[in-house]
Amino acid sequence: MKEQTSWVDRWVEACADRLIGHRRMLMVVFLAITVGLGFSALQTRLDPGFNKLIPLRHEYMQNFLEYSKIFTGANRFLVSVRWKGEGDIYNPVFLDTLRKVTDDVFFTSGVSRSSVTSLFTPNVRYIEVTEDGYFGDVVVPPRFSGSLKDLEQVRNNAARSGQIGRLVANDLKAALVRADLQDIDPKTGQKVSYTEVAQRLEEIRARYNNEQIEINIVGFAKLVGDVVEGLGTVMGFFVVAFLITAALLWGYSRSLKLTVVALVVALLPVVWLLGLLPLLGLGIDPMSILVPFLIFSIGVSHAVQMTNAWKQDVLAGDSSVVAAHAAFSKIFIPGALALLMNALGFAVIMLIDIPIVHELGVTACIGVLLMIITNKMMLPIIISYLTLERSAQHFNKPIEGRKHALWWRVSGFAKPRPALVVFAISLGLLAAGTMKARELQTGDIGAGAPELRSESRYNRDNARIIGGYAIGLDVLTVFVEVKDNPEACLTPQVMRAVDRFDFAVRHIAGVQSVSSVTGMARVMIAGNNEGNPRWSAIPNSAQGLQQGSHAYSSELGMVTDGCQQMQVLVFLTDHEGATVAHVMKEVKRLIAEDVTPGVEFRLAGGNIGIMAASNEAVDRAEVMMLGALFGSVALFCWLTFRSLRAVLCILVPLAIVAILCNALMALLGIGLKVATLPVVALGVGVGVDYGIYLYERIQHEMEAGRDLRNAFYEAMCQRGTAAVFTALTMSIGVCTWAFAALKFQADMGVLLAFMFLVNVFGAIILLPALAAWFNEGRPLVRARDGQEAEMATVTSAPAVRRREIGAQV
């Protein structure tokens with residue numbers, strides 16, 4: 001008899017023959033790889049890094065990296081020492097504590113010691129104009145004893161230093177210690193460990209926090225430390241999700257063997273991935289720590305499909321070996337294609353030109369591609385040695401002559417009239433989702449660190465510092481380049497250009513305060529004229545500008561020697577995406593309007609500059625990423641099914657769900673940024689699994705002569721139950737993340753649960769409705785002479801093949 005099979009089917013059959021024929025040897029090889037990579041996984045390390053967050057090829061970051069050799073401050077942390085007792089900070093107890101905190105920060109590993117700034121450091125000075133001329137000194141006298149005279153002197157010096165609102169709180173109840181971190185620790189020559197820095201800062205807090213003193217700490221290193229601390233709960237949620245998945249798997253199959261095998265095989269790509277990372281010289285960033293858990297969820301989905309196909313053949317009377325051979329033959333092509341789509345979903349996010357996104361994409365792609373080995377090759381070998389328990393056989397055995405009531409009703413969507421109702425509902429959801437998705441903001445939403453909950457210690461510290469000082473961590477640095485002018489600070493044209501910019505930026509909504517060399521110069525010039533505010537201006541002559549010469553010192557960190565380079569620090573009220581975008585837009589407008597020969601304003605540094613560059617990179621990459629993702633998925637589906645109708649049936653539900661996901665993000669107040677953009681790509685990559693598995697089965701059933709409704713019903717019985725089960729299982733597992741201490745984990749959990757569930761509903765409801773109106777309702781095998789004989793051949797070929805395999809084994 002002539003088998004009606006394609007070259008792909010023949011190739012898969014040949015692979016299945018070799019896989020099952022050499023299963024013992026291959027099993028030994030796979031076990032050896034697992035043991036080796038398992039030991040290597042113990043060497044996996046967390047690898048956070050500040051520069052990973054920077055889109056290095058962005059124009060802003062090119063300028064930032066160029067000027068970071070001159071001006072520092074992007075990777076900064078602040079330690080606020082607050083006095084809770086009577087009076088203000090000018091008392092012996094507080095000042096002694098501030099001195100000790102300054103010393104502890106100074107000797108913290110990885111800190112740039114020249115950047116440490118507080119009332120006790122020599123780089124904080126006051127200047128006053130006396131009858132004898134300028135007089136200045138450090139704020140705290142070298143022989144400070146804590147006497148009333150010394151305390152009064154410190155009070156006066158601090159007021160004259162201009163540090164009220166900067167190093168000293170506006171209410172005189174707190175003072176700051178400010179420091180910058182280096183990328184490489186000069187002592188060890190190794191990368192600075194942010195977790196160790198955060199631990200050191202917590203030790204400082206624990207040492208000095210008491211009834212009279214409160215310590216508040218913010219900064220990137222401290223944020224990383226808090227995220228790493230929150231990862232301890234991540235493992236707890238993983239264990240909970242694992243147990244929930246195990247319980248649901250057992251309830252679905254009533255087979256302890258299949259439950260254990262599915263869980264173990266789903267864990268294998270995670271172990272292999274963690275083992276490969278050290279061998280490739282890679283670590284795992286705290287922000288991408290959820291990738292292994294996502295890989296586990298995807299692994300469960302594919303393991304259930306394979307074990308379900310094996311179980312159905314065993315229940316039909318085949319041996320375990322024959323059933324494993326058949327399961328591989330049925331599942332390998334749609335499963336491998338679905339995994340390639342998953343990998344593609346992770347790969348396209350690398351279009352965002354940010355190192356941490358590249359690292360996440362590479363890590364996830366490796367993990368997903370490993371599943372082709374573990375889930376599509378190793379799993380059939382394992383189940384070929386299993387026997388299905390009698391209790392499981394009795395529970396799963398279908399009742400002869402009865403249709404599955406639920407799936408028969410659902411199959412009604414494959415008829416044209418019910419499909420119209422589905423279209424109407426889908427269009428309504430699409431319209432509502434599109435309107436809401438337009439409100440989605442790029443960047444952070446809310447004050448503080450969006451990775452942590454609003455009630456976290458870090459965000460409470462951040463609110464305390466922002467409320468007490470005129471500055472914070474949210475700073476935009478604008479660089480000023482002066483060409484061919486060795487005495488720029490004594491050139492009225494140059495200084496007035498900077499002063500106009502300073503004045504205009506102060507009036508932009510969202511700006512808290514501005515610090516510039518001209519602002520300091522105006523204070524000095526007014527001081528030279530008995531403090532008269534009328535003299536607080538930029539003179540129109542070099543002689544007049546000389547009165548503010550102290551402000552032009554490079555020691556103050558605002559200019560370089562000769563004033564060839566300057567920086568203007570713009571402190572923002574918050575770092576919300578809308579605030580950052582508005583400020584950047586206005587700053588660009590001001591720079592474009594004020595054209596001064598020889599003076600060039602360049603954007604941008606500070607953490608706001610980095611955020612602005614990241615947000616712009618995400619904005620640019622979103623459309624490109626979605627276009628590349630859907631285009632690639634469409635190409636793969638067309639190459640597989642050779643049908644434009646198949647491509648549309650699979651892609652249209654995915655596109656609608658992607659829009660609904662954006663709408664949900666807008667509704668929940670979740671911004672589109674580096675941490676959340678991969679969710680859409682992941683949702684499309686995982687969601688396409690359901691469509692591919694179902695459509696592949698529908699195609700086979702229609703080639704056997706069934707109409708669309710009956711073909712879809714058979715596909716649901718064979719693949720749909722497993723697809724719905726895995727979607728529910730994954731959704732319940734990630735839903736538990738909503739209670740996590742880390743807000744970005746909670747947001748990811750809600751979004752992924754939504755994507756998993758809605759994608760499977762799109763596949764089982766909208767896909768058949770689309771097929772019904774794409775003229776898919778007619779049988780693909782048309783009536784012709786000898787049709788019955790041909791159909792008998794097609795139908796009987798699998799049975800013959802099973803007997804051949806059984807005889808070989």
# chains A, B, ... in the order shown; residues from 1 in each chain; ligands from 1

call {"tool": "residues_around", "arguments": {"residues": "A:Ala309", "least_positions_apart": "4", "cutoff": "7 Å", "atoms": "only C-alpha atoms", "output": "compact mmCIF listing (two decimals) with N, CA and C atoms, in the first residue's frame"}}
result
# COMPACT_ATOMS: atom_id res chain seq x y z
N GLN A 305 1.90 17.98 26.34
CA GLN A 305 1.48 17.60 24.99
C GLN A 305 2.06 16.25 24.59
N ASP A 313 -2.30 6.83 22.86
CA ASP A 313 -1.97 5.62 22.11
C ASP A 313 -1.88 4.40 23.01
N ALA A 327 4.21 9.24 19.50
CA ALA A 327 4.14 10.56 20.12
C ALA A 327 5.21 11.49 19.55

call {"tool": "closest_residue", "arguments": {"among": "A:Ala722, A:Ala612, A:Leu53, A:Leu31", "to": "A:Ala303", "atoms": "only C-alpha atoms"}}
result
A:Ala722

call {"tool": "closest_atom_pairs", "arguments": {"of": "stretch 569-623 of chain A", "to": "stretch 66-69 of chain A", "cutoff": "10 Å", "atoms": "only C-alpha atoms", "output": "tab-separated table"}}
result
residue	atom	partner	partner_atom	distance
A:Ala604	CA	A:Tyr67	CA	9.6
A:Gly605	CA	A:Ser68	CA	8.3
A:Gly606	CA	A:Ser68	CA	9.6

call {"tool": "atom_distance", "arguments": {"atom1": "atom CA of A:Phe94", "atom2": "atom CA of A:Gly162"}}
result
20.2 Å

call {"tool": "residues_around", "arguments": {"residues": "A:Ala715", "least_positions_apart": "5", "cutoff": "9 Å", "atoms": "only C-alpha atoms", "output": "ChimeraX atom specification"}}
result
/A:693-698,701,710,720

call {"tool": "write_last_selection", "arguments": {"atoms": "N, CA and C atoms", "output": "PDB file, in the first residue's frame"}}
result
ATOM      1  N   TYR A 693      -0.260  23.796  17.479  1.00  0.00           N
ATOM      2  CA  TYR A 693      -0.668  22.435  17.849  1.00  0.00           C
ATOM      3  C   TYR A 693      -2.061  22.116  17.312  1.00  0.00           C
ATOM      4  N   LEU A 694      -3.005  23.065  17.467  1.00  0.00           N
ATOM      5  CA  LEU A 694      -4.372  22.803  17.031  1.00  0.00           C
ATOM      6  C   LEU A 694      -4.480  22.773  15.509  1.00  0.00           C
ATOM      7  N   TYR A 695      -3.867  23.756  14.838  1.00  0.00           N
ATOM      8  CA  TYR A 695      -4.018  23.820  13.386  1.00  0.00           C
ATOM      9  C   TYR A 695      -3.364  22.616  12.702  1.00  0.00           C
ATOM     10  N   GLU A 696      -2.219  22.185  13.252  1.00  0.00           N
ATOM     11  CA  GLU A 696      -1.555  21.011  12.660  1.00  0.00           C
ATOM     12  C   GLU A 696      -2.458  19.786  12.737  1.00  0.00           C
ATOM     13  N   ARG A 697      -3.154  19.642  13.877  1.00  0.00           N
ATOM     14  CA  ARG A 697      -4.047  18.495  14.024  1.00  0.00           C
ATOM     15  C   ARG A 697      -5.285  18.636  13.138  1.00  0.00           C
ATOM     16  N   ILE A 698      -5.806  19.869  13.033  1.00  0.00           N
ATOM     17  CA  ILE A 698      -6.958  20.107  12.167  1.00  0.00           C
ATOM     18  C   ILE A 698      -6.609  19.735  10.725  1.00  0.00           C
ATOM     19  N   GLU A 701      -6.642  15.980  10.258  1.00  0.00           N
ATOM     20  CA  GLU A 701      -7.991  15.424  10.292  1.00  0.00           C
ATOM     21  C   GLU A 701      -8.758  15.762   9.011  1.00  0.00           C
ATOM     22  N   ASN A 710     -15.798  18.757  12.568  1.00  0.00           N
ATOM     23  CA  ASN A 710     -15.364  17.475  13.115  1.00  0.00           C
ATOM     24  C   ASN A 710     -13.844  17.406  13.242  1.00  0.00           C
ATOM     25  N   GLY A 720      -6.430  19.883  22.366  1.00  0.00           N
ATOM     26  CA  GLY A 720      -7.048  21.022  23.048  1.00  0.00           C
ATOM     27  C   GLY A 720      -7.115  20.874  24.546  1.00  0.00           C
TER      28      GLY A 720
END

call {"tool": "atom_distance", "arguments": {"atom1": "atom CA of A:Trp737", "atom2": "atom CA of A:Arg719"}}
result
28.0 Å

call {"tool": "residues_around", "arguments": {"residues": "A:Asn156", "least_positions_apart": "2", "cutoff": "12 Å", "atoms": "only C-alpha atoms", "output": "PDB file with N, CA and C atoms, in the first residue's frame"}}
result
ATOM      1  N   TYR A  90      22.399  70.807  64.646  1.00  0.00           N
ATOM      2  CA  TYR A  90      23.617  71.394  65.201  1.00  0.00           C
ATOM      3  C   TYR A  90      23.727  71.092  66.694  1.00  0.00           C
ATOM      4  N   ARG A 125      33.068  73.670  51.241  1.00  0.00           N
ATOM      5  CA  ARG A 125      33.649  74.856  51.854  1.00  0.00           C
ATOM      6  C   ARG A 125      32.647  76.005  51.804  1.00  0.00           C
ATOM      7  N   TYR A 126      32.922  77.007  52.585  1.00  0.00           N
ATOM      8  CA  TYR A 126      32.124  78.229  52.528  1.00  0.00           C
ATOM      9  C   TYR A 126      33.040  79.379  52.130  1.00  0.00           C
ATOM     10  N   ILE A 127      32.487  80.376  51.527  1.00  0.00           N
ATOM     11  CA  ILE A 127      33.227  81.568  51.121  1.00  0.00           C
ATOM     12  C   ILE A 127      32.440  82.785  51.614  1.00  0.00           C
ATOM     13  N   GLU A 128      33.139  83.745  52.194  1.00  0.00           N
ATOM     14  CA  GLU A 128      32.496  84.994  52.579  1.00  0.00           C
ATOM     15  C   GLU A 128      33.388  86.166  52.169  1.00  0.00           C
ATOM     16  N   ASP A 137      36.837  78.563  54.201  1.00  0.00           N
ATOM     17  CA  ASP A 137      37.416  77.422  54.901  1.00  0.00           C
ATOM     18  C   ASP A 137      36.419  76.270  54.818  1.00  0.00           C
ATOM     19  N   VAL A 138      36.806  75.125  55.384  1.00  0.00           N
ATOM     20  CA  VAL A 138      35.874  73.991  55.451  1.00  0.00           C
ATOM     21  C   VAL A 138      34.734  74.336  56.393  1.00  0.00           C
ATOM     22  N   VAL A 139      33.606  73.667  56.212  1.00  0.00           N
ATOM     23  CA  VAL A 139      32.422  73.976  57.017  1.00  0.00           C
ATOM     24  C   VAL A 139      32.640  73.597  58.479  1.00  0.00           C
ATOM     25  N   VAL A 140      33.171  72.397  58.718  1.00  0.00           N
ATOM     26  CA  VAL A 140      33.429  71.945  60.095  1.00  0.00           C
ATOM     27  C   VAL A 140      34.898  72.211  60.414  1.00  0.00           C
ATOM     28  N   PRO A 141      35.195  72.997  61.442  1.00  0.00           N
ATOM     29  CA  PRO A 141      36.596  73.311  61.778  1.00  0.00           C
ATOM     30  C   PRO A 141      37.416  72.049  62.022  1.00  0.00           C
ATOM     31  N   LYS A 149      30.412  77.144  71.019  1.00  0.00           N
ATOM     32  CA  LYS A 149      31.037  78.046  70.064  1.00  0.00           C
ATOM     33  C   LYS A 149      31.264  77.347  68.727  1.00  0.00           C
ATOM     34  N   ASP A 150      31.769  76.114  68.799  1.00  0.00           N
ATOM     35  CA  ASP A 150      32.001  75.351  67.563  1.00  0.00           C
ATOM     36  C   ASP A 150      30.687  75.052  66.839  1.00  0.00           C
ATOM     37  N   LEU A 151      29.660  74.712  67.601  1.00  0.00           N
ATOM     38  CA  LEU A 151      28.365  74.409  66.989  1.00  0.00           C
ATOM     39  C   LEU A 151      27.802  75.630  66.278  1.00  0.00           C
ATOM     40  N   GLU A 152      27.936  76.787  66.889  1.00  0.00           N
ATOM     41  CA  GLU A 152      27.441  78.005  66.259  1.00  0.00           C
ATOM     42  C   GLU A 152      28.234  78.332  64.997  1.00  0.00           C
ATOM     43  N   GLN A 153      29.541  78.055  65.052  1.00  0.00           N
ATOM     44  CA  GLN A 153      30.372  78.297  63.872  1.00  0.00           C
ATOM     45  C   GLN A 153      29.971  77.374  62.723  1.00  0.00           C
ATOM     46  N   VAL A 154      29.715  76.094  63.031  1.00  0.00           N
ATOM     47  CA  VAL A 154      29.282  75.150  61.999  1.00  0.00           C
ATOM     48  C   VAL A 154      27.953  75.601  61.401  1.00  0.00           C
ATOM     49  N   ALA A 158      27.712  76.462  57.490  1.00  0.00           N
ATOM     50  CA  ALA A 158      26.817  75.697  56.628  1.00  0.00           C
ATOM     51  C   ALA A 158      25.866  76.620  55.874  1.00  0.00           C
ATOM     52  N   ALA A 159      25.365  77.648  56.551  1.00  0.00           N
ATOM     53  CA  ALA A 159      24.460  78.592  55.888  1.00  0.00           C
ATOM     54  C   ALA A 159      25.184  79.358  54.788  1.00  0.00           C
ATOM     55  N   ARG A 160      26.468  79.733  55.048  1.00  0.00           N
ATOM     56  CA  ARG A 160      27.226  80.491  54.060  1.00  0.00           C
ATOM     57  C   ARG A 160      27.733  79.620  52.910  1.00  0.00           C
ATOM     58  N   SER A 161      27.733  78.307  53.121  1.00  0.00           N
ATOM     59  CA  SER A 161      28.249  77.410  52.071  1.00  0.00           C
ATOM     60  C   SER A 161      27.260  77.188  50.931  1.00  0.00           C
ATOM     61  N   GLY A 162      25.997  77.577  51.136  1.00  0.00           N
ATOM     62  CA  GLY A 162      24.983  77.361  50.100  1.00  0.00           C
ATOM     63  C   GLY A 162      24.502  75.929  50.007  1.00  0.00           C
ATOM     64  N   GLN A 163      24.721  75.137  51.079  1.00  0.00           N
ATOM     65  CA  GLN A 163      24.363  73.715  51.046  1.00  0.00           C
ATOM     66  C   GLN A 163      23.006  73.414  51.673  1.00  0.00           C
ATOM     67  N   ILE A 164      22.282  74.446  52.120  1.00  0.00           N
ATOM     68  CA  ILE A 164      20.939  74.219  52.642  1.00  0.00           C
ATOM     69  C   ILE A 164      20.045  73.778  51.481  1.00  0.00           C
TER      70      ILE A 164
END

call {"tool": "residues_around", "arguments": {"residues": "A:Phe39", "least_positions_apart": "5", "cutoff": "10 Å", "atoms": "only C-alpha atoms", "output": "NGL selection string"}}
result
:A and (34 or 44 or 271-272 or 274-275)

call {"tool": "write_last_selection", "arguments": {"atoms": "C-alpha atoms", "output": "PDB file, in the first residue's frame"}}
result
ATOM      1  CA  THR A  34      22.559  16.483  32.985  1.00  0.00           C
ATOM      2  CA  THR A  44      26.073  30.296  38.439  1.00  0.00           C
ATOM      3  CA  VAL A 271      19.352  22.975  34.892  1.00  0.00           C
ATOM      4  CA  TRP A 272      21.089  22.777  31.528  1.00  0.00           C
ATOM      5  CA  LEU A 274      22.150  27.399  34.473  1.00  0.00           C
ATOM      6  CA  GLY A 275      24.982  24.961  33.825  1.00  0.00           C
TER       7      GLY A 275
END

call {"tool": "residues_around", "arguments": {"residues": "A:Phe503", "least_positions_apart": "4", "cutoff": "10 Å", "atoms": "only C-alpha atoms", "output": "PDB file with N, CA and C atoms, in the first residue's frame"}}
result
ATOM      1  N   VAL A 498      24.555  80.195  29.251  1.00  0.00           N
ATOM      2  CA  VAL A 498      24.315  79.191  30.284  1.00  0.00           C
ATOM      3  C   VAL A 498      23.277  79.688  31.277  1.00  0.00           C
ATOM      4  N   ASP A 499      23.343  80.987  31.614  1.00  0.00           N
ATOM      5  CA  ASP A 499      22.406  81.537  32.591  1.00  0.00           C
ATOM      6  C   ASP A 499      20.983  81.567  32.043  1.00  0.00           C
ATOM      7  N   HIS A 507      11.760  76.803  35.086  1.00  0.00           N
ATOM      8  CA  HIS A 507      10.321  77.030  34.943  1.00  0.00           C
ATOM      9  C   HIS A 507       9.621  75.912  34.172  1.00  0.00           C
ATOM     10  N   ILE A 508      10.329  74.820  33.900  1.00  0.00           N
ATOM     11  CA  ILE A 508       9.703  73.667  33.248  1.00  0.00           C
ATOM     12  C   ILE A 508       8.967  72.843  34.307  1.00  0.00           C
ATOM     13  N   VAL A 514      17.752  73.570  39.994  1.00  0.00           N
ATOM     14  CA  VAL A 514      18.821  73.554  38.988  1.00  0.00           C
ATOM     15  C   VAL A 514      20.105  74.022  39.654  1.00  0.00           C
ATOM     16  N   THR A 518      26.733  79.304  36.614  1.00  0.00           N
ATOM     17  CA  THR A 518      26.257  80.686  36.600  1.00  0.00           C
ATOM     18  C   THR A 518      25.414  80.996  37.831  1.00  0.00           C
ATOM     19  N   GLY A 519      24.658  79.994  38.299  1.00  0.00           N
ATOM     20  CA  GLY A 519      23.898  80.201  39.526  1.00  0.00           C
ATOM     21  C   GLY A 519      24.819  80.468  40.707  1.00  0.00           C
TER      22      GLY A 519
END

call {"tool": "residues_around", "arguments": {"residues": "stretch 619-624 of chain A", "least_positions_apart": "3", "cutoff": "7 Å", "atoms": "only C-alpha atoms", "output": "list in words"}}
result
Leu351, Ile352, Asn615, Glu616, Gly627 and Ala628 of chain A

call {"tool": "select_by_dssp", "arguments": {"residues": "stretch 166-221 of chain A", "states": "helix (DSSP H, G or I)", "output": "ChimeraX atom specification"}}
result
/A:194-208,220-221

call {"tool": "closest_residue", "arguments": {"among": "A:Arg113, A:Met611, A:Leu223, A:Leu379", "to": "A:Pro186", "atoms": "only C-alpha atoms"}}
result
A:Arg113

call {"tool": "atom_distance", "arguments": {"atom1": "atom CA of A:Cys563", "atom2": "atom CA of A:Cys489"}}
result
5.7 Å

call {"tool": "select_by_dssp", "arguments": {"residues": "stretch 497-608 of chain A", "states": "strand (DSSP E)", "output": "NGL selection string"}}
result
:A and (511-515 or 565-572 or 599-605)
